[in-house]
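Source file: entry38.txt (compact mmCIF, C-alpha atoms)
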```txt
# COMPACT_ATOMS: atom_id res chain seq x y z
CA MET A 730 -7.99 -5.63 3.75
CA SER A 731 -7.93 -3.47 6.85
CA THR A 732 -4.66 -3.83 8.76
CA GLY A 733 -5.24 -1.34 11.55
CA THR A 734 -2.15 0.70 10.64
CA VAL A 735 -3.72 4.06 9.65
CA THR A 736 -4.79 6.14 12.65
CA SER A 737 -5.74 9.62 11.62
CA PHE A 738 -8.10 10.55 14.47
CA ARG A 739 -6.54 10.48 17.94
CA GLY A 740 -8.89 12.51 20.13
CA ASN A 741 -9.50 11.72 23.79
CA ILE A 742 -12.61 11.89 25.95
CA GLU A 743 -11.85 13.77 29.15
CA LYS A 744 -13.25 16.48 31.37
CA GLY A 745 -12.16 19.93 30.27
CA GLY A 746 -11.28 18.76 26.78
CA LYS A 747 -13.02 19.11 23.43
CA PHE A 748 -14.74 15.78 23.97
CA GLU A 749 -16.31 15.75 27.44
CA PRO A 750 -17.66 12.54 28.99
CA GLU A 751 -21.42 12.49 28.50
CA LYS A 752 -23.97 9.72 28.54
CA GLY A 753 -25.40 9.05 25.08
CA ARG A 754 -23.10 11.46 23.24
CA TYR A 755 -20.74 8.94 21.65
CA HIS A 756 -21.14 5.99 19.30
CA LEU A 757 -18.77 3.13 18.48
CA TYR A 758 -18.68 1.48 15.04
CA VAL A 759 -17.22 -2.04 14.98
CA GLN A 760 -17.13 -5.27 13.00
CA TYR A 761 -17.25 -8.86 14.27
CA ALA A 762 -14.51 -9.94 11.85
CA CYS A 763 -12.02 -7.17 12.59
CA PRO A 764 -9.58 -8.04 15.39
CA TRP A 765 -8.86 -4.38 16.11
CA SER A 766 -12.50 -3.50 16.76
CA THR A 767 -13.15 -6.73 18.67
CA ARG A 768 -10.79 -5.35 21.34
CA ASN A 769 -13.10 -2.39 21.82
CA SER A 770 -16.30 -4.43 21.75
CA ILE A 771 -14.96 -6.61 24.57
CA VAL A 772 -14.12 -3.65 26.80
CA HIS A 773 -17.42 -1.95 25.93
CA GLN A 774 -19.34 -5.00 27.11
CA ILE A 775 -17.31 -5.85 30.21
CA LYS A 776 -17.48 -2.25 31.44
CA GLY A 777 -21.27 -2.25 30.94
CA LEU A 778 -21.33 0.71 28.55
CA GLU A 779 -24.26 -0.44 26.41
CA ASP A 780 -26.55 2.39 27.60
CA ILE A 781 -23.80 5.01 27.66
CA VAL A 782 -21.93 4.55 24.38
CA GLY A 783 -23.95 3.24 21.44
CA LEU A 784 -22.51 0.46 19.26
CA THR A 785 -23.19 -0.55 15.66
CA VAL A 786 -21.90 -3.61 13.78
CA LEU A 787 -21.03 -3.34 10.08
CA SER A 788 -20.97 -6.00 7.36
CA PRO A 789 -17.83 -8.17 7.10
CA ARG A 790 -17.54 -7.75 3.33
CA TYR A 791 -14.85 -5.08 3.15
CA GLY A 792 -14.41 -3.27 -0.15
CA GLU A 793 -13.12 -0.09 -1.78
CA HIS A 794 -15.38 2.07 0.39
CA GLY A 795 -14.40 0.24 3.56
CA TRP A 796 -16.91 -1.63 5.67
CA PRO A 797 -20.55 -1.42 4.50
CA PHE A 798 -23.58 -0.86 6.69
CA ALA A 799 -26.64 -3.08 6.31
CA VAL A 800 -28.26 -0.62 3.88
CA ALA A 801 -25.44 -1.31 1.38
CA ASP A 802 -24.86 -4.95 2.27
CA PRO A 803 -27.57 -6.68 4.34
CA TYR A 804 -25.26 -9.43 5.57
CA PRO A 805 -26.77 -11.28 8.56
CA GLY A 806 -25.76 -9.46 11.74
CA ALA A 807 -24.91 -6.19 9.98
CA GLU A 808 -26.79 -3.13 11.22
CA PRO A 809 -27.80 0.25 9.75
CA ASP A 810 -26.07 3.45 10.77
CA PRO A 811 -28.44 4.90 13.41
CA ILE A 812 -27.02 8.42 13.14
CA HIS A 813 -26.76 9.25 9.41
CA ASN A 814 -28.03 6.09 7.67
CA SER A 815 -24.67 5.95 5.91
CA LYS A 816 -24.00 3.32 3.26
CA TYR A 817 -20.34 2.84 4.17
CA ILE A 818 -17.97 3.71 7.00
CA LYS A 819 -16.23 5.83 4.35
CA ASP A 820 -19.18 8.23 4.46
CA LEU A 821 -18.54 8.99 8.11
CA TYR A 822 -14.82 9.52 7.59
CA LEU A 823 -15.49 12.02 4.81
CA ARG A 824 -18.16 13.73 6.91
CA ALA A 825 -15.55 14.20 9.63
CA ASP A 826 -12.91 15.35 7.16
CA PRO A 827 -13.73 15.79 3.44
CA ASN A 828 -10.01 15.61 2.69
CA TYR A 829 -9.43 12.40 4.61
CA ALA A 830 -7.14 10.10 2.64
CA GLY A 831 -6.47 7.30 5.12
CA SER A 832 -7.98 3.86 5.57
CA PHE A 833 -11.74 3.61 6.07
CA SER A 834 -11.27 1.35 9.07
CA VAL A 835 -13.02 0.23 12.22
CA PRO A 836 -13.20 0.80 15.10
CA LEU A 837 -14.43 4.35 14.81
CA LEU A 838 -15.54 6.33 17.85
CA TRP A 839 -17.97 9.07 16.86
CA ASP A 840 -19.15 12.23 18.63
CA LYS A 841 -22.81 12.98 17.93
CA LYS A 842 -22.61 16.47 19.48
CA PHE A 843 -19.95 17.81 17.11
CA ASP A 844 -20.82 15.25 14.40
CA THR A 845 -17.24 14.16 13.93
CA ALA A 846 -14.78 11.36 14.55
CA VAL A 847 -13.09 11.22 17.95
CA ASN A 848 -10.69 8.33 17.49
CA ASN A 849 -10.04 5.36 15.21
CA GLU A 850 -7.06 3.80 17.02
CA SER A 851 -8.19 0.70 18.88
CA ALA A 852 -5.46 0.94 21.54
CA ASP A 853 -6.60 4.48 22.41
CA ILE A 854 -10.26 3.50 22.46
CA ILE A 855 -9.57 0.66 24.92
CA ARG A 856 -8.23 3.18 27.40
CA ILE A 857 -10.98 5.71 26.71
CA LEU A 858 -13.66 3.11 27.43
CA ASN A 859 -11.70 1.87 30.44
CA THR A 860 -11.98 5.11 32.42
CA ALA A 861 -13.76 7.97 30.64
CA PHE A 862 -17.30 6.99 31.63
CA ASN A 863 -16.73 5.61 35.12
CA GLU A 864 -18.83 8.36 36.71
CA PHE A 865 -21.91 6.99 34.95
CA LEU A 866 -21.30 3.36 35.95
CA PRO A 867 -22.23 1.38 39.05
CA ALA A 868 -19.31 0.95 41.45
CA GLU A 869 -18.55 -2.64 40.45
CA LYS A 870 -18.24 -1.70 36.75
CA ALA A 871 -16.28 1.49 37.42
CA ALA A 872 -13.82 -0.56 39.47
CA ILE A 873 -12.93 -2.76 36.49
CA ASP A 874 -9.53 -1.58 35.27
CA PHE A 875 -7.79 -3.02 32.22
CA TYR A 876 -4.73 -0.80 32.73
CA PRO A 877 -3.96 -0.92 36.47
CA HIS A 878 -1.20 1.38 37.69
CA VAL A 879 0.73 -1.39 39.40
CA HIS A 880 1.15 -3.33 36.14
CA ARG A 881 1.41 -0.52 33.58
CA ALA A 882 5.11 -0.87 32.84
CA GLU A 883 4.78 -4.59 32.19
CA ILE A 884 1.56 -4.10 30.20
CA ASP A 885 3.27 -1.56 27.94
CA GLU A 886 6.30 -3.80 27.47
CA VAL A 887 4.27 -6.90 26.58
CA ASN A 888 1.88 -4.93 24.37
CA SER A 889 4.85 -3.68 22.37
CA TRP A 890 6.22 -7.04 21.27
CA VAL A 891 2.81 -8.73 20.99
CA GLN A 892 1.55 -5.93 18.76
CA GLU A 893 4.55 -6.00 16.43
CA THR A 894 5.15 -9.74 16.16
CA VAL A 895 1.69 -11.27 16.76
CA ASN A 896 -1.14 -8.80 16.08
CA LYS A 897 0.69 -7.21 13.13
CA GLY A 898 2.91 -10.23 12.57
CA VAL A 899 0.17 -12.36 11.04
CA TYR A 900 -0.50 -9.57 8.53
CA ALA A 901 3.20 -9.18 7.79
CA ALA A 902 3.30 -12.86 6.89
CA GLY A 903 0.06 -12.84 4.92
CA ASN A 904 0.92 -9.70 2.97
CA ALA A 905 4.57 -10.59 2.34
CA THR A 906 5.68 -10.30 -1.28
CA THR A 907 9.07 -11.95 -0.86
CA GLN A 908 10.17 -15.23 0.68
CA GLU A 909 12.57 -13.39 2.95
CA ALA A 910 9.89 -11.07 4.32
CA TYR A 911 7.48 -13.97 4.86
CA GLU A 912 10.01 -16.12 6.71
CA LYS A 913 11.10 -13.20 8.88
CA ALA A 914 7.51 -12.49 9.94
CA VAL A 915 6.60 -16.13 10.57
CA THR A 916 9.77 -16.80 12.56
CA ALA A 917 9.14 -13.78 14.81
CA LEU A 918 5.46 -14.68 15.16
CA PHE A 919 6.08 -18.22 16.37
CA ALA A 920 8.91 -17.13 18.66
CA SER A 921 6.39 -14.84 20.37
CA LEU A 922 3.74 -17.57 20.50
CA ASP A 923 6.33 -19.82 22.14
CA LYS A 924 7.03 -17.06 24.68
CA LEU A 925 3.31 -16.62 25.40
CA GLU A 926 2.97 -20.37 25.85
CA VAL A 927 5.56 -20.27 28.63
CA ILE A 928 3.86 -17.30 30.31
CA LEU A 929 0.40 -18.86 30.19
CA GLY A 930 1.74 -22.18 31.37
CA GLN A 931 2.48 -20.41 34.66
CA SER A 932 -0.39 -17.92 34.94
CA GLU A 933 -4.08 -17.71 34.08
CA TYR A 934 -3.54 -14.33 32.39
CA VAL A 935 -0.62 -12.78 30.51
CA VAL A 936 0.23 -10.01 33.01
CA GLY A 937 -0.23 -9.77 36.76
CA GLY A 938 -2.44 -12.82 37.21
CA ARG A 939 -5.50 -10.77 36.24
CA LEU A 940 -7.44 -9.76 33.14
CA THR A 941 -5.80 -6.70 31.56
CA GLU A 942 -5.76 -4.98 28.20
CA VAL A 943 -2.95 -7.35 27.18
CA ASP A 944 -5.41 -10.24 27.16
CA VAL A 945 -8.03 -8.12 25.40
CA ARG A 946 -5.57 -7.13 22.66
CA LEU A 947 -4.18 -10.64 22.21
CA PHE A 948 -7.47 -12.58 22.23
CA PRO A 949 -8.80 -11.46 18.81
CA THR A 950 -5.65 -12.58 17.00
CA ILE A 951 -5.43 -15.94 18.75
CA ALA A 952 -9.16 -16.59 18.27
CA ARG A 953 -8.80 -16.08 14.49
CA PHE A 954 -5.52 -17.93 14.17
CA ASP A 955 -6.61 -21.46 13.29
CA THR A 956 -9.56 -20.23 11.20
CA CYS A 957 -7.70 -17.69 9.07
CA TYR A 958 -4.06 -16.96 9.74
CA HIS A 959 -2.84 -20.56 9.73
CA GLY A 960 -4.15 -21.24 6.22
CA LEU A 961 -4.81 -17.98 4.42
CA PHE A 962 -1.75 -16.15 5.78
CA LYS A 963 0.51 -19.24 5.73
CA CYS A 964 1.26 -18.98 9.47
CA ASN A 965 1.33 -22.74 9.46
CA LEU A 966 4.18 -24.01 11.60
CA ARG A 967 1.59 -25.00 14.20
CA THR A 968 -2.06 -24.39 15.02
CA ILE A 969 -3.04 -22.97 18.38
CA ARG A 970 -5.26 -25.94 19.27
CA ASP A 971 -2.67 -28.59 18.46
CA GLY A 972 0.61 -26.78 19.14
CA TYR A 973 0.03 -24.55 22.17
CA PRO A 974 -1.90 -26.22 25.01
CA ALA A 975 -1.50 -23.37 27.53
CA LEU A 976 -2.33 -20.64 25.01
CA ASP A 977 -5.28 -22.66 23.73
CA GLY A 978 -6.51 -23.20 27.29
CA TRP A 979 -6.35 -19.44 27.91
CA LEU A 980 -8.30 -18.85 24.69
CA ARG A 981 -10.97 -21.41 25.57
CA ARG A 982 -11.43 -20.09 29.12
CA LEU A 983 -11.96 -16.54 27.90
CA TYR A 984 -14.29 -17.61 25.09
CA TRP A 985 -16.47 -20.03 27.03
CA LYS A 986 -16.48 -18.41 30.48
CA ASN A 987 -16.93 -14.74 29.55
CA ALA A 988 -19.70 -13.76 27.14
CA ALA A 989 -17.92 -10.52 26.29
CA PHE A 990 -15.33 -12.58 24.41
CA SER A 991 -17.66 -15.05 22.67
CA SER A 992 -20.41 -12.58 21.71
CA THR A 993 -18.07 -10.03 20.08
CA ILE A 994 -16.67 -12.42 17.48
CA ASP A 995 -18.78 -14.12 14.81
CA PHE A 996 -16.88 -16.74 12.84
CA LYS A 997 -19.21 -16.46 9.85
CA HIS A 998 -18.24 -12.79 9.68
CA VAL A 999 -14.58 -13.68 10.25
CA LYS A 1000 -14.49 -16.16 7.38
CA ALA A 1001 -16.55 -13.97 5.06
CA HIS A 1002 -14.11 -11.11 5.56
CA TYR A 1003 -10.74 -12.83 5.49
CA TRP A 1004 -11.43 -15.52 2.94
CA GLY A 1005 -13.92 -13.50 0.89
CA SER A 1006 -12.27 -10.07 0.86
CA THR A 1007 -8.71 -10.99 -0.09
CA PRO A 1008 -8.69 -11.83 -3.80
CA SER A 1009 -4.90 -11.63 -3.97
CA LEU A 1010 -4.68 -14.59 -1.57
CA ASN A 1011 -7.96 -16.37 -2.36
CA PRO A 1012 -8.98 -15.32 -5.90
CA ASN A 1013 -12.03 -17.59 -6.11
CA GLY A 1014 -13.38 -16.47 -2.75
CA ILE A 1015 -13.91 -20.02 -1.50
CA ILE A 1016 -14.67 -20.01 2.22
CA PRO A 1017 -13.43 -23.09 4.14
CA LEU A 1018 -15.79 -25.16 6.25
CA GLY A 1019 -13.31 -25.73 9.05
CA PRO A 1020 -11.87 -25.86 11.50
CA VAL A 1021 -14.62 -27.52 13.49
CA PRO A 1022 -15.39 -26.33 16.06
CA ASP A 1023 -14.28 -22.71 15.76
CA ILE A 1024 -13.03 -22.81 19.36
CA LEU A 1025 -12.56 -26.11 21.17
CA PRO A 1026 -14.81 -26.71 24.18
CA LEU A 1027 -13.47 -26.57 27.73
```
Can you present the structure in this file as structure tokens?
Amino acid sequence: MSTGTVTSFRGNIEKGGKFEPEKGRYHLYVQYACPWSTRNSIVHQIKGLEDIVGLTVLSPRYGEHGWPFAVADPYPGAEPDPIHNSKYIKDLYLRADPNYAGSFSVPLLWDKKFDTAVNNESADIIRILNTAFNEFLPAEKAAIDFYPHVHRAEIDEVNSWVQETVNKGVYAAGNATTQEAYEKAVTALFASLDKLEVILGQSEYVVGGRLTEVDVRLFPTIARFDTCYHGLFKCNLRTIRDGYPALDGWLRRLYWKNAAFSSTIDFKHVKAHYWGSTPSLNPNGIIPLGPVPDILPL
């Protein structure tokens, strides 16, 4: 299972640097199931980068070679690699660095000019997509800012504890090999969910009363919570839909009112990956039918 913890490529796209902003030069590889790449897909769509940075979706059935392209696993919604017709994301990593020994993860931001990886850290890619291509965008899209100066200190502070206790916390619980480690992760996770419930009971968004990267980074975890983390990862003190009315309302508003949130997650992919690619937790690969619906209506 990909956990988003290995980040071996940390390049930036900026004028005067190795990777200059150019229209059509870069390509983003993502997966509908992966919460880390969903962050980037959301920003990519909201910023209107479809004609500037290409995007390809891989199969959800993660294996020893990482995520497969459609040529290796024609799962519905999976696409071929338009650049090298690769079989697996692994092929691109080894093309960028034949000695690469890290995780074959998504997202992966690729440079077609130098035929190499730019970055595979989702937090970095959010900020690259946020500003690097503004010169090519219409004014209303360029003005969208997920990391506004006035809120940066608070964004960084909230990102820190949400990342450790929520985004990574569900994995810490699911991958725990001792009772002590499991209980520590679950306790911290639900303490943070309780804290977010208070925040969202007073504001439409987590920071500054506006959509920021905090919401973008939190959404993928909360959207997958009832479907995967509650059961498979034993994060089962409460569900989001039944235990956190403010947090669930925030989730439903984003999902149903903004297509960038609903169109970048596919719950068939989500279930196929989590429940089908974790034999240590689900040895028979049985994929649950529920919950129904995936996200409650408004």
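With distances taken over all atoms listed in the file, A:Ile1024 is the one residue among A:Ala846, A:Ile1024, A:Tyr876, A:Ile781 lying closest to Asp971 of chain A.
You will find atom CA of Ser851 of chain A at 14.6 Å from atom CA of Val891 of chain A.
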Shortest interatomic distance to Trp839 of chain A - which of A:Gly783, A:Pro750, A:Pro1012, A:Pro949, counting all atoms listed in the file:
A:Gly783
Give me, as a VMD selection string, all polymer residues having an atom no more than 8 Å from Ala902 of chain A, counting only C-alpha atoms and skipping those fewer than 5 positions away in the same chain.
chain A and resid 910 to 912 914 to 915 962 to 964
Export of prior selection with C-alpha atoms as an mmCIF file, keeping the file's coordinate frame:
```
data_model
loop_
_atom_site.group_PDB
_atom_site.id
_atom_site.type_symbol
_atom_site.label_atom_id
_atom_site.label_comp_id
_atom_site.auth_asym_id
_atom_site.auth_seq_id
_atom_site.Cartn_x
_atom_site.Cartn_y
_atom_site.Cartn_z
ATOM 1 C CA ALA A 910 9.890 -11.070 4.320
ATOM 2 C CA TYR A 911 7.480 -13.970 4.860
ATOM 3 C CA GLU A 912 10.010 -16.120 6.710
ATOM 4 C CA ALA A 914 7.510 -12.490 9.940
ATOM 5 C CA VAL A 915 6.600 -16.130 10.570
ATOM 6 C CA PHE A 962 -1.750 -16.150 5.780
ATOM 7 C CA LYS A 963 0.510 -19.240 5.730
ATOM 8 C CA CYS A 964 1.260 -18.980 9.470
#
```
Spatial neighbours of Ser991 of chain A, 12 Å, only C-alpha atoms, chain gap at least 2 places, as a PyMOL selection string:
chain A and resi 761+767-768+770-771+774-775+948-949+952+980-989+993-996+1023-1024
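From atom CA of Val772 of chain A back to atom CA of Gly903 of chain A, the distance works out to 27.6 Å.
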Name all residues at most 8 Å from Leu947 of chain A (count all atoms listed in the file; drop same-chain ones fewer than 3 positions away) and give them as number ranges by chain.
A: 891, 896, 943-944, 950-951
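Atom CA of Val899 of chain A is found 19.9 Å from atom CA of Arg790 of chain A.
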Mind checking which residues fall within 7 Å of Ser766 of chain A, counting all atoms listed in the file, ignoring those fewer than 5 positions away in the same chain, and posting them as number ranges by chain?
A: 759-760, 835-836, 851
Polymer residues at most 7 Å from segment 791-795 of chain A, all atoms listed in the file, same-chain spacing of 6 or more positions, as a PDB file with C-alpha atoms, in the coordinates of the input:
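Saved the output as result.pdb:
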```pdb
ATOM      1  CA  MET A 730      -7.990  -5.630   3.750  1.00  0.00           C
ATOM      2  CA  TYR A 817     -20.340   2.840   4.170  1.00  0.00           C
ATOM      3  CA  ILE A 818     -17.970   3.710   7.000  1.00  0.00           C
ATOM      4  CA  LYS A 819     -16.230   5.830   4.350  1.00  0.00           C
ATOM      5  CA  PHE A 833     -11.740   3.610   6.070  1.00  0.00           C
ATOM      6  CA  SER A 834     -11.270   1.350   9.070  1.00  0.00           C
ATOM      7  CA  HIS A1002     -14.110 -11.110   5.560  1.00  0.00           C
ATOM      8  CA  SER A1006     -12.270 -10.070   0.860  1.00  0.00           C
TER       9      SER A1006
END
```
Point out the residue among A:Asn848, A:Tyr758, A:Ala807, A:Gly777 with the least atom-to-atom distance to Pro789 of chain A, counting only C-alpha atoms.
A:Ala807
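Of the residues listed (A:Val935, A:Val786, A:Leu918, A:Val879), A:Leu918 shows the shortest atom-to-atom separation from Tyr958 of chain A; distances use all atoms listed in the file.
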Considering only C-alpha atoms, state which residue in the set A:Asn741, A:Ser932, A:Ser889, A:Thr968 is at the smallest distance from Arg946 of chain A.
A:Ser889
Counting all atoms listed in the file, closest pick from A:Asp923, A:Glu893, A:Asp874, A:Asp802 relative to Leu940 of chain A is A:Asp874
Padding of 4 Å on every side, edges along x, y and z, all listed atoms of segment 748-753 of chain A included: what centre and edge lengths in Å, to one decimal, does that box have, as JSON?
```
{"center_x": -20.1, "center_y": 12.4, "center_z": 26.5, "size_x": 18.7, "size_y": 14.7, "size_z": 13.0}
```
